[in-house]
>>> print(open('target-v7.csv').read())   # CSV, C-alpha atoms
chain,number,residue,atom,x,y,z
A,1057,MET,CA,98.1,-57.0,-21.0
A,1058,SER,CA,96.2,-53.7,-20.4
A,1059,ALA,CA,99.5,-52.1,-19.3
A,1060,LEU,CA,101.1,-53.4,-22.5
A,1061,LEU,CA,98.4,-51.9,-24.6
A,1062,ALA,CA,98.6,-48.7,-22.7
A,1063,VAL,CA,102.3,-48.2,-23.7
A,1064,ALA,CA,101.7,-49.5,-27.2
A,1065,PRO,CA,101.8,-47.0,-30.1
A,1066,ALA,CA,98.6,-46.4,-32.0
A,1067,ILE,CA,98.4,-48.9,-34.8
A,1068,PRO,CA,97.5,-47.2,-38.0
A,1069,LEU,CA,94.5,-48.9,-39.5
A,1070,GLY,CA,94.6,-47.2,-42.8
A,1071,GLN,CA,95.9,-48.7,-46.1
A,1072,SER,CA,99.3,-49.8,-44.6
A,1073,GLY,CA,97.6,-51.5,-41.6
A,1074,LYS,CA,95.6,-53.7,-44.0
A,1075,PHE,CA,98.8,-54.9,-45.7
A,1076,VAL,CA,100.6,-55.6,-42.5
A,1077,ALA,CA,97.6,-57.5,-41.1
A,1078,GLY,CA,97.3,-59.4,-44.4
A,1079,ALA,CA,101.0,-60.5,-44.2
A,1080,TYR,CA,100.7,-61.7,-40.6
A,1081,ILE,CA,97.4,-63.4,-41.3
A,1082,VAL,CA,99.0,-65.3,-44.2
A,1083,PHE,CA,101.7,-66.5,-41.8
A,1084,LEU,CA,99.1,-67.6,-39.3
A,1085,VAL,CA,96.9,-69.3,-41.9
A,1086,LEU,CA,99.9,-71.3,-43.2
A,1087,ILE,CA,100.7,-72.5,-39.7
A,1088,LEU,CA,97.1,-73.3,-39.0
A,1089,VAL,CA,96.7,-75.3,-42.2
A,1090,TYR,CA,99.9,-77.2,-41.5
A,1091,VAL,CA,98.7,-78.0,-38.0
A,1092,ALA,CA,95.3,-79.1,-39.3
A,1093,ILE,CA,96.9,-81.4,-41.8
A,1094,MET,CA,99.1,-82.9,-39.1
A,1095,ALA,CA,96.1,-83.3,-36.9
A,1096,VAL,CA,94.4,-85.4,-39.6
A,1097,ARG,CA,97.6,-87.5,-39.9
A,1098,SER,CA,97.7,-88.0,-36.1
A,1099,GLN,CA,94.1,-89.3,-36.3
A,1100,ARG,CA,95.1,-91.7,-39.0
A,1101,ILE,CA,97.9,-93.0,-36.8
A,1102,GLU,CA,95.5,-93.4,-33.9
A,1103,ARG,CA,93.2,-95.4,-36.2
A,1104,GLU,CA,96.1,-97.6,-37.4
A,1105,LEU,CA,97.1,-98.2,-33.8
A,1106,SER,CA,93.5,-99.2,-32.8
A,1107,GLN,CA,93.3,-101.5,-35.8
A,1108,LEU,CA,96.6,-103.1,-34.9
A,1109,GLN,CA,95.4,-103.7,-31.4
A,1110,ARG,CA,92.2,-105.3,-32.7
A,1111,ASP,CA,94.1,-107.5,-35.1
A,1112,VAL,CA,96.5,-108.7,-32.4
A,1113,GLU,CA,93.7,-109.5,-30.1
A,1114,ALA,CA,91.8,-111.3,-32.9
A,1115,ASP,CA,95.0,-113.2,-33.8
A,1116,ARG,CA,95.4,-114.4,-30.2
A,1117,ALA,CA,91.8,-115.4,-29.9
A,1118,GLU,CA,92.1,-117.5,-33.1
A,1119,ARG,CA,95.1,-119.4,-31.9
A,1120,PRO,CA,94.5,-123.0,-30.7
A,1121,SER,CA,94.3,-123.0,-26.9
A,1122,GLY,CA,96.9,-125.8,-26.7
A,1123,ALA,CA,99.5,-123.6,-28.3
A,1124,ASP,CA,98.8,-120.9,-25.7
A,1125,ARG,CA,99.1,-123.5,-22.9
A,1126,SER,CA,102.3,-125.0,-24.2
A,1127,GLU,CA,103.7,-121.4,-24.6
A,1128,SER,CA,102.8,-120.6,-21.0
A,1129,GLY,CA,104.0,-123.9,-19.8
A,1130,ARG,CA,107.3,-123.3,-21.5
A,1131,GLU,CA,107.5,-120.0,-19.7
A,1132,GLN,CA,106.9,-121.7,-16.4
A,1133,GLU,CA,109.7,-124.2,-16.8
A,1134,PRO,CA,112.5,-123.8,-14.3
A,1135,VAL,CA,115.6,-122.3,-15.7
A,1136,LEU,CA,118.6,-124.6,-15.0
B,897,MET,CA,115.4,-97.2,-40.0
B,898,PRO,CA,116.6,-98.6,-36.6
B,899,PRO,CA,113.8,-99.1,-34.1
B,900,THR,CA,115.7,-96.9,-31.5
B,901,THR,CA,115.3,-93.8,-33.6
B,902,THR,CA,113.0,-91.3,-31.9
B,903,TYR,CA,112.2,-87.8,-32.7
B,904,GLY,CA,109.6,-86.9,-30.1
B,905,LYS,CA,112.2,-86.4,-27.4
B,906,GLY,CA,112.5,-82.7,-26.5
B,907,LEU,CA,109.6,-81.7,-28.7
B,908,ARG,CA,107.6,-80.2,-25.9
B,909,GLY,CA,110.5,-78.0,-24.7
B,910,LEU,CA,111.2,-77.0,-28.3
B,911,ALA,CA,107.5,-76.1,-28.8
B,912,LEU,CA,107.4,-74.1,-25.6
B,913,ALA,CA,110.6,-72.2,-26.6
B,914,THR,CA,109.1,-71.5,-30.0
B,915,ILE,CA,105.8,-70.1,-28.5
B,916,LEU,CA,107.7,-67.9,-26.1
B,917,THR,CA,110.1,-66.6,-28.8
B,918,VAL,CA,107.4,-66.0,-31.4
B,919,ALA,CA,105.3,-64.2,-28.7
B,920,ALA,CA,108.3,-62.1,-27.7
B,921,ALA,CA,109.0,-61.3,-31.4
B,922,LEU,CA,105.4,-60.2,-32.0
B,923,THR,CA,105.6,-58.0,-28.9
B,924,LEU,CA,108.9,-56.4,-30.1
B,925,ILE,CA,107.5,-55.9,-33.6
B,926,PHE,CA,104.4,-54.1,-32.6
B,927,PHE,CA,105.3,-52.4,-29.3
B,928,TYR,CA,109.1,-51.8,-29.4
B,929,ALA,CA,110.5,-51.5,-32.8
B,930,PRO,CA,110.3,-47.9,-34.1
B,931,LEU,CA,108.4,-47.0,-37.3
B,932,ASP,CA,110.6,-46.8,-40.4
B,933,ALA,CA,111.1,-43.2,-41.5
B,934,ASN,CA,110.5,-44.0,-45.2
B,935,GLN,CA,108.0,-46.8,-45.2
B,936,GLY,CA,106.2,-46.3,-41.9
B,937,PHE,CA,104.0,-49.1,-40.6
B,938,VAL,CA,104.3,-51.2,-43.7
B,939,GLN,CA,107.9,-52.0,-42.8
B,940,LYS,CA,106.6,-54.3,-40.0
B,941,ILE,CA,106.2,-56.9,-42.8
B,942,PHE,CA,110.0,-57.0,-42.9
B,943,TYR,CA,110.1,-58.9,-39.6
B,944,ILE,CA,108.1,-61.8,-40.9
B,945,HIS,CA,109.0,-61.8,-44.6
B,946,VAL,CA,112.8,-61.8,-44.3
B,947,PRO,CA,113.1,-64.5,-41.6
B,948,LEU,CA,110.7,-66.7,-43.6
B,949,ALA,CA,112.8,-66.3,-46.7
B,950,ILE,CA,116.1,-66.8,-44.9
B,951,VAL,CA,114.9,-69.9,-43.0
B,952,SER,CA,113.4,-71.3,-46.2
B,953,LEU,CA,116.7,-71.0,-48.2
B,954,CYS,CA,118.7,-72.3,-45.3
B,955,GLY,CA,116.2,-75.2,-45.0
B,956,PHE,CA,116.9,-76.2,-48.6
B,957,VAL,CA,120.6,-76.2,-47.9
B,958,VAL,CA,120.0,-78.3,-44.8
B,959,GLY,CA,117.9,-80.7,-46.8
B,960,ALA,CA,120.8,-81.0,-49.3
B,961,ALA,CA,123.2,-81.7,-46.4
B,962,LEU,CA,120.9,-84.4,-45.0
B,963,ALA,CA,120.6,-85.9,-48.5
B,964,ILE,CA,124.4,-86.3,-48.5
B,965,GLY,CA,124.0,-88.3,-45.3
B,966,TYR,CA,121.7,-90.7,-47.3
B,967,LEU,CA,124.1,-91.1,-50.2
B,968,ARG,CA,127.0,-91.8,-47.8
B,969,THR,CA,125.2,-94.3,-45.5
B,970,GLY,CA,122.3,-95.6,-47.6
B,971,ASP,CA,120.2,-95.3,-44.4
B,972,ARG,CA,116.6,-94.3,-45.3
B,973,LYS,CA,116.3,-92.1,-42.2
B,974,TRP,CA,118.5,-89.5,-43.8
B,975,ASP,CA,116.2,-89.5,-46.8
B,976,LEU,CA,113.2,-88.9,-44.6
B,977,ARG,CA,115.0,-86.1,-42.7
B,978,SER,CA,116.0,-84.5,-46.0
B,979,TYR,CA,112.4,-84.9,-47.4
B,980,VAL,CA,110.8,-83.3,-44.3
B,981,ALA,CA,113.4,-80.4,-44.3
B,982,ILE,CA,112.7,-79.6,-48.0
B,983,HIS,CA,108.9,-80.0,-47.4
B,984,MET,CA,109.0,-77.5,-44.5
B,985,SER,CA,111.3,-75.1,-46.5
B,986,LEU,CA,108.7,-75.1,-49.3
B,987,ILE,CA,106.0,-74.1,-46.9
B,988,PHE,CA,108.1,-71.4,-45.4
B,989,GLY,CA,109.2,-70.3,-48.8
B,990,ILE,CA,105.6,-69.9,-50.0
B,991,GLY,CA,105.0,-67.8,-46.8
B,992,GLY,CA,108.0,-65.7,-47.6
B,993,LEU,CA,106.8,-65.2,-51.2
B,994,ILE,CA,103.3,-64.2,-50.3
B,995,THR,CA,104.3,-61.8,-47.5
B,996,GLY,CA,107.0,-60.3,-49.9
B,997,SER,CA,104.3,-59.8,-52.5
B,998,ILE,CA,102.1,-58.0,-50.1
B,999,TRP,CA,105.0,-55.8,-49.0
B,1000,ALA,CA,105.8,-55.1,-52.6
B,1001,LYS,CA,102.2,-54.0,-53.3
B,1002,ALA,CA,102.2,-51.8,-50.2
B,1003,SER,CA,105.6,-50.2,-51.0
B,1004,TRP,CA,106.0,-50.2,-54.7
B,1005,GLY,CA,102.4,-50.5,-55.8
B,1006,HIS,CA,102.9,-53.8,-57.6
B,1007,TRP,CA,102.4,-57.4,-56.4
B,1008,TRP,CA,105.4,-58.5,-58.4
B,1009,VAL,CA,108.4,-56.8,-60.0
B,1010,TRP,CA,110.1,-58.9,-62.7
B,1011,ASN,CA,113.3,-56.8,-63.0
B,1012,GLU,CA,114.1,-57.2,-59.3
B,1013,PRO,CA,116.9,-59.9,-59.0
B,1014,THR,CA,116.2,-60.9,-55.4
B,1015,LEU,CA,112.5,-61.6,-56.0
B,1016,VAL,CA,113.1,-63.5,-59.3
B,1017,SER,CA,116.0,-65.5,-57.9
B,1018,PHE,CA,113.9,-66.6,-54.9
B,1019,LEU,CA,111.0,-67.6,-57.2
B,1020,ILE,CA,113.5,-69.7,-59.3
B,1021,VAL,CA,114.8,-71.5,-56.2
B,1022,LEU,CA,111.2,-72.1,-55.0
B,1023,LEU,CA,110.1,-73.4,-58.4
B,1024,LEU,CA,113.2,-75.6,-58.6
B,1025,PHE,CA,112.4,-77.2,-55.2
B,1026,ALA,CA,108.7,-77.4,-56.1
B,1027,THR,CA,109.7,-80.1,-58.6
B,1028,TYR,CA,111.2,-82.2,-55.8
B,1029,GLN,CA,107.8,-83.7,-54.8
B,1030,PRO,CA,106.7,-84.6,-58.3
B,1031,LEU,CA,110.1,-86.1,-59.0
B,1032,ARG,CA,109.7,-88.3,-55.9
B,1033,PHE,CA,106.2,-89.2,-56.9
B,1034,SER,CA,107.2,-90.3,-60.4
B,1035,ILE,CA,109.6,-93.0,-59.1
B,1036,GLU,CA,107.9,-96.0,-57.6
B,1037,ASP,CA,110.9,-98.0,-56.3
B,1038,PRO,CA,111.7,-96.6,-52.8
B,1039,GLU,CA,115.4,-97.1,-53.1
B,1040,ARG,CA,115.6,-95.4,-56.5
B,1041,GLN,CA,113.3,-92.6,-55.3
B,1042,ALA,CA,115.5,-91.9,-52.3
B,1043,ARG,CA,118.7,-92.0,-54.4
B,1044,TYR,CA,117.4,-89.7,-57.2
B,1045,ALA,CA,115.8,-87.3,-54.8
B,1046,SER,CA,119.0,-87.1,-52.8
B,1047,VAL,CA,121.0,-86.3,-55.9
B,1048,PHE,CA,118.4,-83.7,-56.9
B,1049,SER,CA,118.3,-82.0,-53.5
B,1050,ILE,CA,122.1,-81.8,-53.3
B,1051,VAL,CA,122.4,-80.2,-56.8
B,1052,ALA,CA,119.5,-77.8,-56.1
B,1053,GLY,CA,120.8,-77.1,-52.6
B,1054,ALA,CA,124.2,-76.1,-54.0
B,1055,PHE,CA,122.4,-73.8,-56.4
B,1056,VAL,CA,120.9,-71.8,-53.4
B,1057,PRO,CA,124.2,-70.1,-52.2
B,1058,LEU,CA,125.4,-69.7,-55.8
B,1059,ASN,CA,122.1,-67.9,-56.6
B,1060,PHE,CA,122.5,-65.7,-53.5
B,1061,ILE,CA,126.0,-64.7,-54.4
B,1062,ALA,CA,125.0,-64.0,-58.0
B,1063,VAL,CA,122.2,-61.7,-56.9
B,1064,ARG,CA,124.5,-59.9,-54.5
B,1065,LEU,CA,127.0,-59.3,-57.3
B,1066,ALA,CA,124.2,-58.0,-59.6
B,1067,GLN,CA,124.5,-54.3,-60.4
B,1068,GLN,CA,120.8,-53.4,-60.1
B,1069,TYR,CA,119.9,-52.8,-56.5
B,1070,VAL,CA,116.2,-52.1,-56.2
B,1071,HIS,CA,115.7,-54.3,-53.2
B,1072,PRO,CA,116.7,-52.6,-49.9
B,1073,ARG,CA,120.0,-54.0,-48.5
B,1074,VAL,CA,119.7,-53.8,-44.8
B,1075,LEU,CA,121.5,-57.1,-43.9
B,1076,THR,CA,125.2,-57.5,-44.5
B,1077,LEU,CA,128.0,-59.5,-43.0
B,1078,GLY,CA,129.3,-56.2,-41.6
B,1079,GLY,CA,126.2,-55.8,-39.5
B,1080,GLY,CA,124.0,-53.9,-41.9
B,1081,ASN,CA,122.4,-50.6,-41.5
B,1082,LEU,CA,119.5,-51.5,-39.2
B,1083,PRO,CA,119.2,-49.4,-36.0
B,1084,GLY,CA,119.7,-51.2,-32.7
B,1085,ALA,CA,116.0,-51.6,-31.8
B,1086,MET,CA,115.1,-52.8,-35.3
B,1087,ARG,CA,118.1,-55.2,-35.3
B,1088,LEU,CA,117.1,-56.8,-32.0
B,1089,THR,CA,113.5,-57.2,-33.1
B,1090,PHE,CA,114.7,-58.7,-36.4
B,1091,LEU,CA,117.0,-61.2,-34.6
B,1092,VAL,CA,114.3,-62.3,-32.2
B,1093,SER,CA,111.9,-62.7,-35.1
B,1094,LEU,CA,114.5,-64.8,-37.0
B,1095,LEU,CA,115.1,-66.9,-33.9
B,1096,GLY,CA,111.4,-67.4,-33.6
B,1097,VAL,CA,111.0,-68.6,-37.2
B,1098,VAL,CA,114.1,-70.9,-36.9
B,1099,LEU,CA,112.6,-72.5,-33.8
B,1100,LEU,CA,109.2,-72.8,-35.5
B,1101,PHE,CA,110.9,-74.6,-38.4
B,1102,ALA,CA,112.8,-76.9,-36.0
B,1103,THR,CA,109.6,-77.7,-34.1
B,1104,LEU,CA,107.5,-78.4,-37.1
B,1105,TRP,CA,110.3,-80.5,-38.6
B,1106,LYS,CA,110.6,-82.5,-35.4
B,1107,TYR,CA,106.8,-82.8,-35.2
B,1108,GLU,CA,106.5,-84.2,-38.7
B,1109,MET,CA,109.4,-86.5,-38.2
B,1110,THR,CA,107.8,-87.8,-35.0
B,1111,THR,CA,104.5,-88.4,-36.8
B,1112,LYS,CA,106.1,-90.2,-39.8
B,1113,ASN,CA,108.4,-92.2,-37.6
B,1114,THR,CA,105.4,-93.4,-35.4
B,1115,ARG,CA,103.5,-94.5,-38.5
B,1116,PHE,CA,106.6,-96.5,-39.7
B,1117,GLN,CA,106.9,-98.1,-36.3
B,1118,ILE,CA,103.3,-99.1,-36.3
B,1119,ARG,CA,103.7,-100.8,-39.7
B,1120,ARG,CA,106.9,-102.5,-38.5
B,1121,LEU,CA,105.1,-103.8,-35.4
B,1122,ARG,CA,102.2,-105.0,-37.5
B,1123,ARG,CA,104.6,-106.9,-39.7
B,1124,THR,CA,106.3,-108.4,-36.7
B,1125,LEU,CA,103.2,-109.5,-34.9
B,1126,LEU,CA,100.9,-110.5,-37.8
B,1127,GLY,CA,103.3,-111.2,-40.7
B,1128,ASP,CA,103.8,-109.6,-44.1
B,1129,ASP,CA,100.3,-110.3,-45.3
B,1130,ALA,CA,98.8,-108.0,-42.7
B,1131,ILE,CA,100.6,-105.0,-44.2
B,1132,ARG,CA,98.6,-103.2,-46.9
B,1133,PRO,CA,100.9,-101.5,-49.5
B,1134,MET,CA,101.2,-97.8,-48.8
B,1135,GLY,CA,100.8,-97.0,-52.5
B,1136,ARG,CA,102.8,-94.6,-54.6
B,1137,SER,CA,103.8,-91.6,-52.6
B,1138,ALA,CA,106.2,-88.7,-52.7
B,1139,ALA,CA,107.1,-89.3,-49.1
B,1140,PRO,CA,109.7,-91.9,-48.1
B,1141,SER,CA,108.0,-95.2,-47.3
>>> encode(input="target-v7.csv", output="structure tokens")
Amino acid sequence: MSALLAVAPAIPLGQSGKFVAGAYIVFLVLILVYVAIMAVRSQRIERELSQLQRDVEADRAERPSGADRSESGREQEPVL
Amino acid sequence: MPPTTTYGKGLRGLALATILTVAAALTLIFFYAPLDANQGFVQKIFYIHVPLAIVSLCGFVVGAALAIGYLRTGDRKWDLRSYVAIHMSLIFGIGGLITGSIWAKASWGHWWVWNEPTLVSFLIVLLLFATYQPLRFSIEDPERQARYASVFSIVAGAFVPLNFIAVRLAQQYVHPRVLTLGGGNLPGAMRLTFLVSLLGVVLLFATLWKYEMTTKNTRFQIRRLRRTLLGDDAIRPMGRSAAPS
């Protein structure tokens, strides 16, 4: 990195430097805002997945135990 | 949407390629490409502004092509693909517009020039596609929403190349013409830098498109799974949305 900076031309930090920096910062900010929005969406998906897991577990717990037994019994029947 | 549709495959490789290309482009822009004789350092904005504008316009056309897929097949996944492509193009277009405005201020002393055909035509295209989301939001029925949005995006997408040709045929050339089908008049180092920057922005577009498709597709799959496991009553309505549901 230091070798790269050593061969780099001097960046003019006058009026033009501010405009160039502004343009590239706009690009960076757009990408960051987009990624932040997508991160919020990913969190929402994670919450929905957790909710689904809880609902499925609650649904299984609410089922009559006989139904579970008959289901498991059906699974254990030999296949002819 | 068929349950086998996945968009996350290859996303990591694509993201890595994007990071490497964008890093290479930034290195070339600031350490390799020579300073422009007329504009000096301000011309560096060219390497971000022009790729953003090109990718944005191409994205609108791609969105239109994907919308044709929906009208042909009636499969909602094409509508989703078209929606995300247009959505991404709008973001890139806004980036192109702002960076162009900054460049105009630095070069011409004005944030906006109304008698410049390229600027105004780009703004028209952007405003046209800015109505895409409100159009979708105004239609509640998902099937109608997808159909109307597809027709809109095809017509608006066809307008993009027509608009481009019209501007090229215009007599007043204030905007610099450095890119032509004949190779343009960019020096070799500048052309290489520009092409790498363009590739970086194209890859960024593709990565973000794939990322958003993966996210939306995952959400749809969770809802489908919930319906299968717990029944229709377990599904809360998504409510009115511009996004395909």
>>> residues_around(input="target-v7.csv", residues="segment 1046-1056 of chain B", least_positions_apart="3", cutoff="8 Å", atoms="all atoms listed in the file", output="list in words")
Leu953, Phe956, Val957, Val958, Gly959, Ala960, Ala961, Ala963, Ile964, Tyr966, Leu967, Asp975, Ser978, Val1021, Leu1024, Phe1025, Tyr1028, Ala1042, Arg1043, Asn1059 and Phe1060 of chain B
>>> atom_distance(input="target-v7.csv", atom1="atom CA of Tyr943 of chain B", atom2="atom CA of Phe1090 of chain B")
5.6 Å
>>> closest_atom_pairs(input="target-v7.csv", of="chain A", to="chain B", cutoff="8 Å", atoms="only C-alpha atoms", output="CSV")
residue,atom,partner,partner_atom,distance
A:Val1063,CA,B:Phe927,CA,7.6
A:Ala1064,CA,B:Phe927,CA,5.1
A:Pro1065,CA,B:Phe927,CA,6.5
A:Pro1068,CA,B:Phe937,CA,7.3
A:Ser1072,CA,B:Val938,CA,5.3
A:Gly1073,CA,B:Phe937,CA,6.9
A:Phe1075,CA,B:Ile998,CA,6.3
A:Val1076,CA,B:Ile941,CA,5.8
A:Gly1078,CA,B:Ile998,CA,7.6
A:Ala1079,CA,B:Thr995,CA,4.8
A:Tyr1080,CA,B:Ile944,CA,7.4
A:Val1082,CA,B:Gly991,CA,7.0
A:Phe1083,CA,B:Gly991,CA,6.1
A:Leu1086,CA,B:Gly991,CA,7.2
A:Met1094,CA,B:Glu1108,CA,7.5
A:Arg1097,CA,B:Thr1111,CA,7.6
A:Ser1098,CA,B:Thr1111,CA,6.8
A:Ile1101,CA,B:Arg1115,CA,6.0
A:Glu1104,CA,B:Ile1118,CA,7.4
A:Leu1105,CA,B:Ile1118,CA,6.7
A:Leu1108,CA,B:Arg1122,CA,6.5
A:Asp1111,CA,B:Leu1126,CA,7.9
A:Val1112,CA,B:Leu1126,CA,7.2
A:Asp1115,CA,B:Leu1126,CA,7.6
>>> write_last_selection(input="target-v7.csv", atoms="C-alpha atoms", output="PDB file, keeping the file's coordinate frame")
ATOM      1  CA  VAL A1063     102.300 -48.200 -23.700  1.00  0.00           C
ATOM      2  CA  ALA A1064     101.700 -49.500 -27.200  1.00  0.00           C
ATOM      3  CA  PRO A1065     101.800 -47.000 -30.100  1.00  0.00           C
ATOM      4  CA  PRO A1068      97.500 -47.200 -38.000  1.00  0.00           C
ATOM      5  CA  SER A1072      99.300 -49.800 -44.600  1.00  0.00           C
ATOM      6  CA  GLY A1073      97.600 -51.500 -41.600  1.00  0.00           C
ATOM      7  CA  PHE A1075      98.800 -54.900 -45.700  1.00  0.00           C
ATOM      8  CA  VAL A1076     100.600 -55.600 -42.500  1.00  0.00           C
ATOM      9  CA  GLY A1078      97.300 -59.400 -44.400  1.00  0.00           C
ATOM     10  CA  ALA A1079     101.000 -60.500 -44.200  1.00  0.00           C
ATOM     11  CA  TYR A1080     100.700 -61.700 -40.600  1.00  0.00           C
ATOM     12  CA  VAL A1082      99.000 -65.300 -44.200  1.00  0.00           C
ATOM     13  CA  PHE A1083     101.700 -66.500 -41.800  1.00  0.00           C
ATOM     14  CA  LEU A1086      99.900 -71.300 -43.200  1.00  0.00           C
ATOM     15  CA  MET A1094      99.100 -82.900 -39.100  1.00  0.00           C
ATOM     16  CA  ARG A1097      97.600 -87.500 -39.900  1.00  0.00           C
ATOM     17  CA  SER A1098      97.700 -88.000 -36.100  1.00  0.00           C
ATOM     18  CA  ILE A1101      97.900 -93.000 -36.800  1.00  0.00           C
ATOM     19  CA  GLU A1104      96.100 -97.600 -37.400  1.00  0.00           C
ATOM     20  CA  LEU A1105      97.100 -98.200 -33.800  1.00  0.00           C
ATOM     21  CA  LEU A1108      96.600-103.100 -34.900  1.00  0.00           C
ATOM     22  CA  ASP A1111      94.100-107.500 -35.100  1.00  0.00           C
ATOM     23  CA  VAL A1112      96.500-108.700 -32.400  1.00  0.00           C
ATOM     24  CA  ASP A1115      95.000-113.200 -33.800  1.00  0.00           C
TER      25      ASP A1115
END
>>> atom_distance(input="target-v7.csv", atom1="atom CA of Ala1102 of chain B", atom2="atom CA of Leu910 of chain B")
7.9 Å
>>> atom_distance(input="target-v7.csv", atom1="atom CA of Thr914 of chain B", atom2="atom CA of Asn1081 of chain B")
27.3 Å
